[in-house]
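This is coords_28.cif (mmCIF, C-alpha atoms).
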```cif
data_final
#
loop_
_atom_site.label_atom_id
_atom_site.label_comp_id
_atom_site.auth_asym_id
_atom_site.auth_seq_id
_atom_site.Cartn_x
_atom_site.Cartn_y
_atom_site.Cartn_z
CA MET A 176 -109.54 79.35 143.61
CA ASN A 177 -112.69 78.11 145.29
CA VAL A 178 -115.96 79.96 145.92
CA THR A 179 -118.49 78.89 148.55
CA VAL A 180 -121.93 80.45 148.88
CA SER A 181 -123.92 81.16 152.02
CA GLN A 182 -126.94 83.27 152.90
CA ALA A 183 -127.22 85.84 155.66
CA GLN A 184 -130.28 87.78 156.74
CA GLY A 185 -130.16 91.47 157.56
CA ARG A 186 -132.77 93.97 156.45
CA VAL A 187 -132.57 92.02 153.21
CA SER A 188 -131.27 88.58 152.31
CA VAL A 189 -127.59 88.79 151.42
CA THR A 190 -125.63 86.19 149.49
CA VAL A 191 -122.08 85.85 150.78
CA LEU A 192 -119.51 84.66 148.26
CA HIS A 193 -116.52 83.39 150.21
CA VAL A 194 -113.55 83.30 147.87
CA GLN A 195 -110.49 81.21 148.70
CA GLY A 196 -107.22 81.32 146.80
CA ASP A 197 -105.47 83.58 144.34
CA LEU A 198 -107.68 85.68 142.07
CA ASP A 199 -105.71 86.08 138.85
CA GLY A 200 -105.99 85.71 135.09
CA SER A 201 -106.49 81.96 135.41
CA SER A 202 -109.34 82.13 137.92
CA TYR A 203 -111.27 85.39 137.63
CA ARG A 204 -113.75 83.99 135.11
CA ASP A 205 -114.78 81.40 137.72
CA LEU A 206 -115.76 84.20 140.09
CA ILE A 207 -117.72 85.98 137.36
CA ALA A 208 -119.48 82.69 136.58
CA LYS A 209 -120.38 82.22 140.25
CA GLY A 210 -121.73 85.78 140.32
CA GLN A 211 -123.86 85.04 137.27
CA GLU A 212 -125.08 81.81 138.87
CA VAL A 213 -126.32 83.47 142.05
CA TYR A 214 -127.79 86.40 140.11
CA HIS A 215 -129.77 84.06 137.89
CA ALA A 216 -130.92 82.25 141.04
CA GLY A 217 -132.49 85.49 142.26
CA THR A 218 -129.75 87.08 144.36
CA ARG A 219 -129.75 90.86 144.30
CA ASP A 220 -127.38 91.67 147.18
CA VAL A 221 -123.89 90.17 147.38
CA LEU A 222 -121.12 90.41 149.95
CA LEU A 223 -117.78 89.32 148.56
CA ASP A 224 -115.67 87.89 151.38
CA LEU A 225 -112.07 88.50 150.27
CA GLY A 226 -110.48 87.41 153.57
CA ASP A 227 -108.95 84.27 152.08
CA ILE A 228 -107.60 85.83 148.90
CA PRO A 229 -103.86 86.27 149.46
CA TYR A 230 -103.29 87.63 145.96
CA MET A 231 -105.33 89.53 143.37
CA SER A 232 -104.28 90.97 140.01
CA SER A 233 -106.11 93.34 137.66
CA ALA A 234 -108.08 90.34 136.42
CA GLY A 235 -109.70 90.22 139.86
CA LEU A 236 -110.69 93.88 139.52
CA VAL A 237 -112.46 93.02 136.29
CA ALA A 238 -114.34 90.23 138.11
CA LEU A 239 -115.43 92.55 140.93
CA HIS A 240 -116.63 95.16 138.47
CA SER A 241 -118.44 92.58 136.34
CA ILE A 242 -120.36 91.33 139.38
CA ALA A 243 -121.27 94.91 140.33
CA LEU A 244 -122.65 95.48 136.83
CA MET A 245 -124.63 92.24 136.98
CA LEU A 246 -126.23 93.18 140.28
CA ARG A 247 -127.32 96.47 138.70
CA GLY A 248 -128.92 94.52 135.88
CA GLU A 249 -126.31 95.63 133.36
CA LYS A 250 -124.25 93.54 130.99
CA PRO A 251 -120.83 92.64 132.41
CA SER A 252 -117.94 94.39 130.73
CA ASP A 253 -115.64 92.63 128.29
CA PRO A 254 -113.25 90.72 130.55
CA GLU A 255 -110.36 91.58 128.23
CA ALA A 256 -110.98 95.31 128.37
CA GLY A 257 -109.43 96.20 131.70
CA TRP A 258 -109.93 99.88 131.14
CA GLU A 259 -113.68 99.35 131.04
CA ALA A 260 -113.62 98.60 134.75
CA PHE A 261 -111.37 101.54 135.42
CA HIS A 262 -113.36 104.07 133.43
CA ALA A 263 -116.67 102.80 134.68
CA ILE A 264 -115.65 103.97 138.12
CA ASP A 265 -115.43 107.48 136.79
CA ARG A 266 -118.83 107.23 135.13
CA ASP A 267 -120.32 105.89 138.35
CA ARG A 268 -118.54 108.18 140.76
CA ASP A 269 -121.43 110.59 141.03
CA ALA A 270 -123.73 107.71 141.95
CA GLY A 271 -121.55 106.93 144.97
CA LEU A 272 -120.70 103.53 146.37
CA GLN A 273 -122.28 100.35 145.03
CA GLN A 274 -125.43 99.51 146.96
CA HIS A 275 -125.78 95.83 146.07
CA VAL A 276 -122.18 94.57 146.09
CA LYS A 277 -119.87 95.13 149.03
CA LEU A 278 -116.47 93.79 150.06
CA LEU A 279 -115.34 92.15 153.28
CA ASN A 280 -111.85 91.81 154.76
CA PRO A 281 -109.47 92.41 151.86
CA GLN A 282 -105.96 91.31 152.83
CA PRO A 283 -103.06 93.79 152.53
CA GLN A 284 -102.01 92.94 148.96
CA VAL A 285 -105.61 92.98 147.76
CA ASP A 286 -106.39 96.17 149.68
CA LYS A 287 -103.43 97.91 148.05
CA VAL A 288 -104.58 96.97 144.54
CA LEU A 289 -108.12 98.18 145.32
CA ASP A 290 -106.69 101.44 146.57
CA LYS A 291 -104.31 101.95 143.62
CA VAL A 292 -107.12 101.92 141.06
CA GLY A 293 -109.69 103.81 143.11
CA PHE A 294 -111.98 100.82 143.74
CA LYS A 295 -112.35 101.79 147.40
CA GLU A 296 -114.33 104.79 146.18
CA TYR A 297 -116.55 102.40 144.25
CA PHE A 298 -117.05 99.54 146.70
CA GLU A 299 -117.95 99.76 150.37
CA VAL A 300 -115.26 97.83 152.28
CA HIS A 301 -116.07 96.21 155.62
CA THR A 302 -113.98 94.39 158.20
CA ASP A 303 -116.86 92.96 160.24
CA LEU A 304 -119.30 90.41 158.82
CA ALA A 305 -122.29 91.44 160.95
CA ALA A 306 -121.80 95.12 160.16
CA ALA A 307 -121.41 94.31 156.49
CA ILE A 308 -124.68 92.34 156.41
CA ALA A 309 -126.49 95.07 158.35
CA SER A 310 -125.31 97.69 155.86
CA PHE A 311 -127.43 96.30 152.99
CA MET B 188 -85.12 82.32 123.68
CA LYS B 189 -82.72 83.78 126.17
CA GLU B 190 -80.54 86.60 124.86
CA LYS B 191 -78.67 88.31 127.61
CA PRO B 192 -78.91 92.09 127.37
CA GLN B 193 -75.59 93.76 126.61
CA ASN B 194 -73.71 95.90 129.10
CA GLN B 195 -75.68 94.77 132.16
CA SER B 196 -72.76 95.22 134.53
CA HIS B 197 -72.76 94.00 138.13
CA GLU B 198 -75.92 91.95 137.65
CA ILE B 199 -76.39 89.05 140.04
CA ASP B 200 -78.74 86.39 138.75
CA ALA B 201 -80.98 84.42 141.13
CA GLY B 202 -80.41 81.31 139.04
CA GLY B 203 -81.41 80.16 135.60
CA PRO B 204 -84.41 81.71 133.93
CA LEU B 205 -87.81 80.08 134.13
CA CYS B 206 -89.08 79.13 130.69
CA LEU B 207 -92.58 77.72 130.35
CA ALA B 208 -95.65 77.58 128.17
CA ALA B 209 -97.48 80.90 127.88
CA GLU B 210 -100.66 79.77 129.61
CA LEU B 211 -102.73 81.50 132.27
CA GLU B 212 -102.56 78.34 134.39
CA ASN B 213 -98.81 79.01 134.79
CA LEU B 214 -99.25 82.42 136.43
CA ALA B 215 -98.96 80.92 139.91
CA VAL B 216 -95.73 79.16 138.89
CA ILE B 217 -94.36 82.49 137.68
CA ARG B 218 -95.30 84.24 140.93
CA ASN B 219 -93.70 81.48 143.00
CA PHE B 220 -90.52 81.71 140.92
CA VAL B 221 -90.34 85.49 141.35
CA ARG B 222 -90.98 85.18 145.09
CA ASP B 223 -88.25 82.56 145.58
CA SER B 224 -85.76 84.42 143.37
CA ALA B 225 -86.36 87.77 145.05
CA THR B 226 -85.96 86.22 148.48
CA ALA B 227 -82.70 84.57 147.41
CA LEU B 228 -81.44 87.95 146.17
CA GLY B 229 -82.13 89.61 149.52
CA VAL B 230 -85.06 91.74 148.42
CA ASP B 231 -86.97 93.41 151.26
CA PRO B 232 -90.01 91.21 152.02
CA ALA B 233 -92.17 94.35 151.91
CA VAL B 234 -91.22 94.80 148.24
CA VAL B 235 -91.84 91.21 147.13
CA PRO B 236 -95.66 91.46 146.72
CA ASP B 237 -95.18 94.37 144.32
CA LEU B 238 -92.79 92.25 142.24
CA LEU B 239 -95.29 89.39 142.09
CA LEU B 240 -98.03 91.68 140.82
CA ALA B 241 -95.80 93.33 138.21
CA ALA B 242 -94.51 89.99 136.88
CA ASP B 243 -98.03 88.54 136.84
CA GLU B 244 -99.48 91.52 134.96
CA ALA B 245 -96.62 91.47 132.45
CA ALA B 246 -97.01 87.72 131.87
CA THR B 247 -100.79 88.00 131.60
CA ASN B 248 -100.42 90.68 128.92
CA VAL B 249 -98.02 88.45 126.98
CA ILE B 250 -100.36 85.45 127.19
CA VAL B 251 -103.63 87.25 126.47
CA HIS B 252 -102.62 90.11 124.19
CA GLY B 253 -99.21 89.02 122.87
CA TYR B 254 -99.86 85.45 121.83
CA GLN B 255 -103.66 85.96 121.69
CA GLY B 256 -104.40 82.32 122.39
CA ARG B 257 -101.65 80.92 120.18
CA GLN B 258 -99.06 78.59 121.61
CA GLY B 259 -95.86 80.19 122.76
CA THR B 260 -93.34 80.37 125.53
CA ILE B 261 -92.55 82.95 128.14
CA GLU B 262 -89.28 83.36 129.99
CA ILE B 263 -88.85 85.02 133.38
CA GLU B 264 -85.53 85.96 134.90
CA VAL B 265 -84.91 87.76 138.17
CA ALA B 266 -81.61 89.47 138.90
CA ARG B 267 -80.10 92.04 141.18
CA GLU B 268 -78.41 95.09 139.70
CA ALA B 269 -76.75 97.25 142.38
CA MET B 270 -79.65 98.22 144.68
CA ASP B 271 -82.36 97.26 142.20
CA VAL B 272 -84.13 93.98 141.59
CA VAL B 273 -84.72 93.47 137.88
CA ILE B 274 -87.33 91.17 136.36
CA HIS B 275 -86.94 90.25 132.69
CA VAL B 276 -90.07 88.98 130.91
CA ARG B 277 -89.27 87.64 127.44
CA ASP B 278 -91.52 86.24 124.74
CA ASN B 279 -91.62 85.50 121.02
CA ALA B 280 -94.96 87.17 120.39
CA PRO B 281 -95.25 89.89 117.72
CA PRO B 282 -93.42 93.03 118.82
CA PHE B 283 -95.52 95.28 121.01
CA ASP B 284 -94.40 97.93 123.45
CA PRO B 285 -96.87 98.01 126.36
CA THR B 286 -95.09 101.03 127.82
CA SER B 287 -96.47 103.00 124.89
CA ALA B 288 -99.99 102.45 126.22
CA PRO B 289 -101.58 105.74 127.21
CA SER B 290 -101.47 106.81 130.83
CA PRO B 291 -104.75 106.72 132.72
CA ASP B 292 -107.04 109.32 131.27
CA LEU B 293 -110.55 108.97 132.56
CA THR B 294 -111.88 111.30 129.89
CA ARG B 295 -110.92 109.12 126.91
CA PRO B 296 -113.78 107.43 125.07
CA LEU B 297 -114.16 103.66 125.24
CA GLU B 298 -112.94 103.02 121.70
CA GLU B 299 -109.59 104.66 122.44
CA ARG B 300 -108.83 102.46 125.40
CA SER B 301 -106.08 99.90 125.18
CA PRO B 302 -107.04 96.33 126.11
CA GLY B 303 -104.93 95.17 129.00
CA GLY B 304 -104.07 98.74 129.86
CA LEU B 305 -105.09 98.20 133.46
CA GLY B 306 -102.22 95.74 133.86
CA ILE B 307 -99.54 98.08 132.54
CA TYR B 308 -101.02 100.86 134.67
CA LEU B 309 -100.52 98.73 137.78
CA ILE B 310 -97.00 97.76 136.67
CA ARG B 311 -96.12 101.45 136.41
CA GLN B 312 -97.65 102.09 139.80
CA TYR B 313 -95.69 99.29 141.48
CA MET B 314 -92.30 99.47 139.75
CA ASP B 315 -89.69 102.23 139.57
CA GLU B 316 -88.76 101.70 135.92
CA VAL B 317 -90.32 99.79 133.02
CA ILE B 318 -88.40 99.28 129.78
CA HIS B 319 -89.42 97.46 126.61
CA ARG B 320 -87.05 96.28 123.94
CA ILE B 321 -87.29 94.13 120.85
CA THR B 322 -85.07 91.06 121.12
CA PRO B 323 -82.67 90.19 118.28
CA LEU B 324 -85.04 87.36 117.32
CA GLY B 325 -87.93 89.79 117.00
CA GLY B 326 -89.69 89.01 120.27
CA ASN B 327 -90.24 91.22 123.28
CA GLU B 328 -88.41 91.81 126.51
CA LEU B 329 -90.03 93.80 129.29
CA ILE B 330 -87.58 94.87 131.99
CA LEU B 331 -89.09 95.75 135.35
CA LYS B 332 -86.90 97.47 137.95
CA LYS B 333 -87.49 98.31 141.58
CA GLU B 334 -85.31 99.19 144.56
CA ILE B 335 -84.70 96.13 146.72
CA ALA B 336 -85.48 98.09 149.90
CA ALA B 337 -88.94 99.45 150.64
CA ARG B 338 -89.06 103.21 150.90
CA ARG B 339 -89.89 104.31 154.42
CA SER B 340 -92.01 107.38 154.83
CA THR B 341 -90.14 110.17 156.55
CA PRO B 342 -91.66 111.79 159.62
#
```
Using the file provided, produce a representation of the structure as structure tokens.
Amino acid sequence: MNVTVSQAQGRVSVTVLHVQGDLDGSSYRDLIAKGQEVYHAGTRDVLLDLGDIPYMSSAGLVALHSIALMLRGEKPSDPEAGWEAFHAIDRDRDAGLQQHVKLLNPQPQVDKVLDKVGFKEYFEVHTDLAAAIASF
Amino acid sequence: MKEKPQNQSHEIDAGGPLCLAAELENLAVIRNFVRDSATALGVDPAVVPDLLLAADEAATNVIVHGYQGRQGTIEIEVAREAMDVVIHVRDNAPPFDPTSAPSPDLTRPLEERSPGGLGIYLIRQYMDEVIHRITPLGGNELILKKEIAARRSTP
């Protein structure tokens, strides 16, 4: 898996993390580390471009949730505790969709996993880059 | 490690089992093996991604929670049994039945949650049947079954 970083300007500056490759148990920590890196560099709004992720397992869900927590200034959940991500959705449901982390172009396998665990009620999912940037 | 289950009649194997070190870096190898085996067995291409996810989640649980960082091996076998594709995931980690993990219950407190439970939840969502058994050598075998043809929604 490879992650490249770019900046886009809408109403606010948005950091786009373009992820390429499978997001599984061997690679999800790399995505969390990249999220931490851009957060510590001052980023507060992130668009995760999932268009080049052909495959994602539950480990990827943990990475997405960890980045969402970081952008809210909270401590990322224990990567081994998959339920933490799942249950956090329930705790956060009343707060609505995440405002500072959004998803772009999940491919069919990834989209199905997001749907199965209710992450599409937690993350705003876009299919157009310009619209995604403008939504922040 | 391989111990063929008894009384598995009419089972067509896709070839020899894949046996490799229980390491997260091997997850892609496992997925490729399952993809190639399922294709060779005539599984509906629409079903194959579900098999990859189930095998990956099962293997990840073995590596992370079964062996818990210790060295070990994991064996994957894919076979066809009548109209089902069957994935066998075998290991020599301490016996643990992941199918006994509680079903999703969003009201349970954090301390009652089972690590890795998200993986077994997805396996249950994607497969038709999930069976755990203790092997004669005291390891684990997780048997994942799914119809080879994708279910079409009726009008």
Evaluating the PyMOL selection byres ((chain A and resi 194) around 7) on the displayed file yields which residues, as a VMD selection string?
-> chain A and resid 177 to 179 192 to 193 195 to 196 224 to 225 227 to 228
List the neighbours of Val276 in chain A out to 7 Å using only C-alpha atoms; skip same-chain residues closer than 4 positions along the sequence, and give me the result as a PyMOL selection string.
-> chain A and resi 220-222+243
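For the pair CA of Gly304 in chain B and CA of Pro285 in chain B, the interatomic distance is 8.0 Å.
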Could you work out how far CA of Phe220 in chain B lies from CA of Leu205 in chain B, giving the answer in Å with one decimal?
->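 Rounded to one decimal, the two atoms are 7.5 Å apart.
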Using all atoms listed in the file, the shortest atom-to-atom distance to Asn219 in chain B among A:Val300, A:Ser188, A:Tyr230, A:Ala208 belongs to A:Tyr230
Tell me which protein, DNA and RNA residues are within 8 Å of Glu299 in chain A, counting all atoms listed in the file, leaving out same-chain ones fewer than 3 positions away, and put them as number ranges by chain.
-> A: 272-273, 276-278, 295-296
Name the residues captured by the PyMOL selection byres ((chain B and resi 250-262) around 10) when it is applied to the shown file; answer as a PyMOL selection string.
-> (chain A and resi 200+255) or (chain B and resi 188-189+204-211+213-214+217+244-249+263-264+275-283+285+302-303+326-328)
Between CA of Ala183 in chain A and CA of Gly217 in chain A, what is the distance, to one decimal in Å?
->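 According to the coordinates, CA of Ala183 in chain A and CA of Gly217 in chain A are separated by 14.4 Å.
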Could you name the residues that touch Asp205 in chain A at 10 Å or less, counting only C-alpha atoms, but leaving out those on the same chain fewer than 5 positions away, as a list in words?
->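 With the cut-off at 10 Å, the set is Met176, Asn177, Val178, Leu198, Gly210, Gln211 and Ala238 of chain A.
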Kindly indicate which residue among B:Ala288, B:Leu240, B:Ala227, B:Ile307 lies nearest to chain A, using all atoms listed in the file for the distances.
-> B:Leu240
Determine, counting all atoms listed in the file, which protein, DNA and RNA residues have an atom within 9 Å of an atom of range 304-306 of chain A; residues of the same chain fewer than 6 positions away are not included. Present the result as a tab-separated table (two decimals) with C-alpha atoms, keeping the file's coordinate frame.
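Here's the written file around_29.tsv:
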```
chain	number	residue	atom	x	y	z
A	185	GLY	CA	-130.16	91.47	157.56
A	224	ASP	CA	-115.67	87.89	151.38
A	279	LEU	CA	-115.34	92.15	153.28
A	280	ASN	CA	-111.85	91.81	154.76
```
Identify which of the residues A:Val187, A:Leu246, A:Val285, A:His301 lies closest to chain B, counting all atoms listed in the file when measuring atom-to-atom distances.
->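 With all atoms listed in the file as the atom set, the closest residue is A:Val285.
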Compare A:Gln282, A:Thr302, A:Thr190, A:Gln274 by their minimum atom-to-atom distance to chain B, counting all atoms listed in the file, and give me the closest one.
->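 Of A:Gln282, A:Thr302, A:Thr190, A:Gln274, the one nearest chain B, counting all atoms listed in the file, is A:Gln282.
All protein and nucleic acid residues in the vicinity of (-97.6, 97.0, 146.7), that is within 8 Å when counting only C-alpha atoms, are Gln284, Lys287 and Val288 of chain A; Ala233, Val234, Pro236, Asp237, Leu240 and Tyr313 of chain B.
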Atoms to include: C-alpha atoms. Write the selected residues as a compact mmCIF listing (two decimals), keeping the file's coordinate frame.
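That gives us out.txt:
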```txt
# COMPACT_ATOMS: atom_id res chain seq x y z
CA GLN A 284 -102.01 92.94 148.96
CA LYS A 287 -103.43 97.91 148.05
CA VAL A 288 -104.58 96.97 144.54
CA ALA B 233 -92.17 94.35 151.91
CA VAL B 234 -91.22 94.80 148.24
CA PRO B 236 -95.66 91.46 146.72
CA ASP B 237 -95.18 94.37 144.32
CA LEU B 240 -98.03 91.68 140.82
CA TYR B 313 -95.69 99.29 141.48
```
Return the single residue from B:Asp284, B:Glu268, B:Asp243, B:Asp315 that is closest to chain A, with distances computed using all atoms listed in the file.
->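 Among the listed residues, the smallest separation from chain A belongs to B:Asp243.
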Contact residues around Leu239 in chain A with only C-alpha atoms at 9 Å, ignoring same-chain residues under 5 positions, as a PyMOL selection string | chain A and resi 203+206-207+223+234+244+260+276
Rank nothing, just name the residue among B:Arg338, B:Arg218, B:Arg267, B:Arg320 nearest to Gly202 in chain B, using only C-alpha atoms.
-> B:Arg267
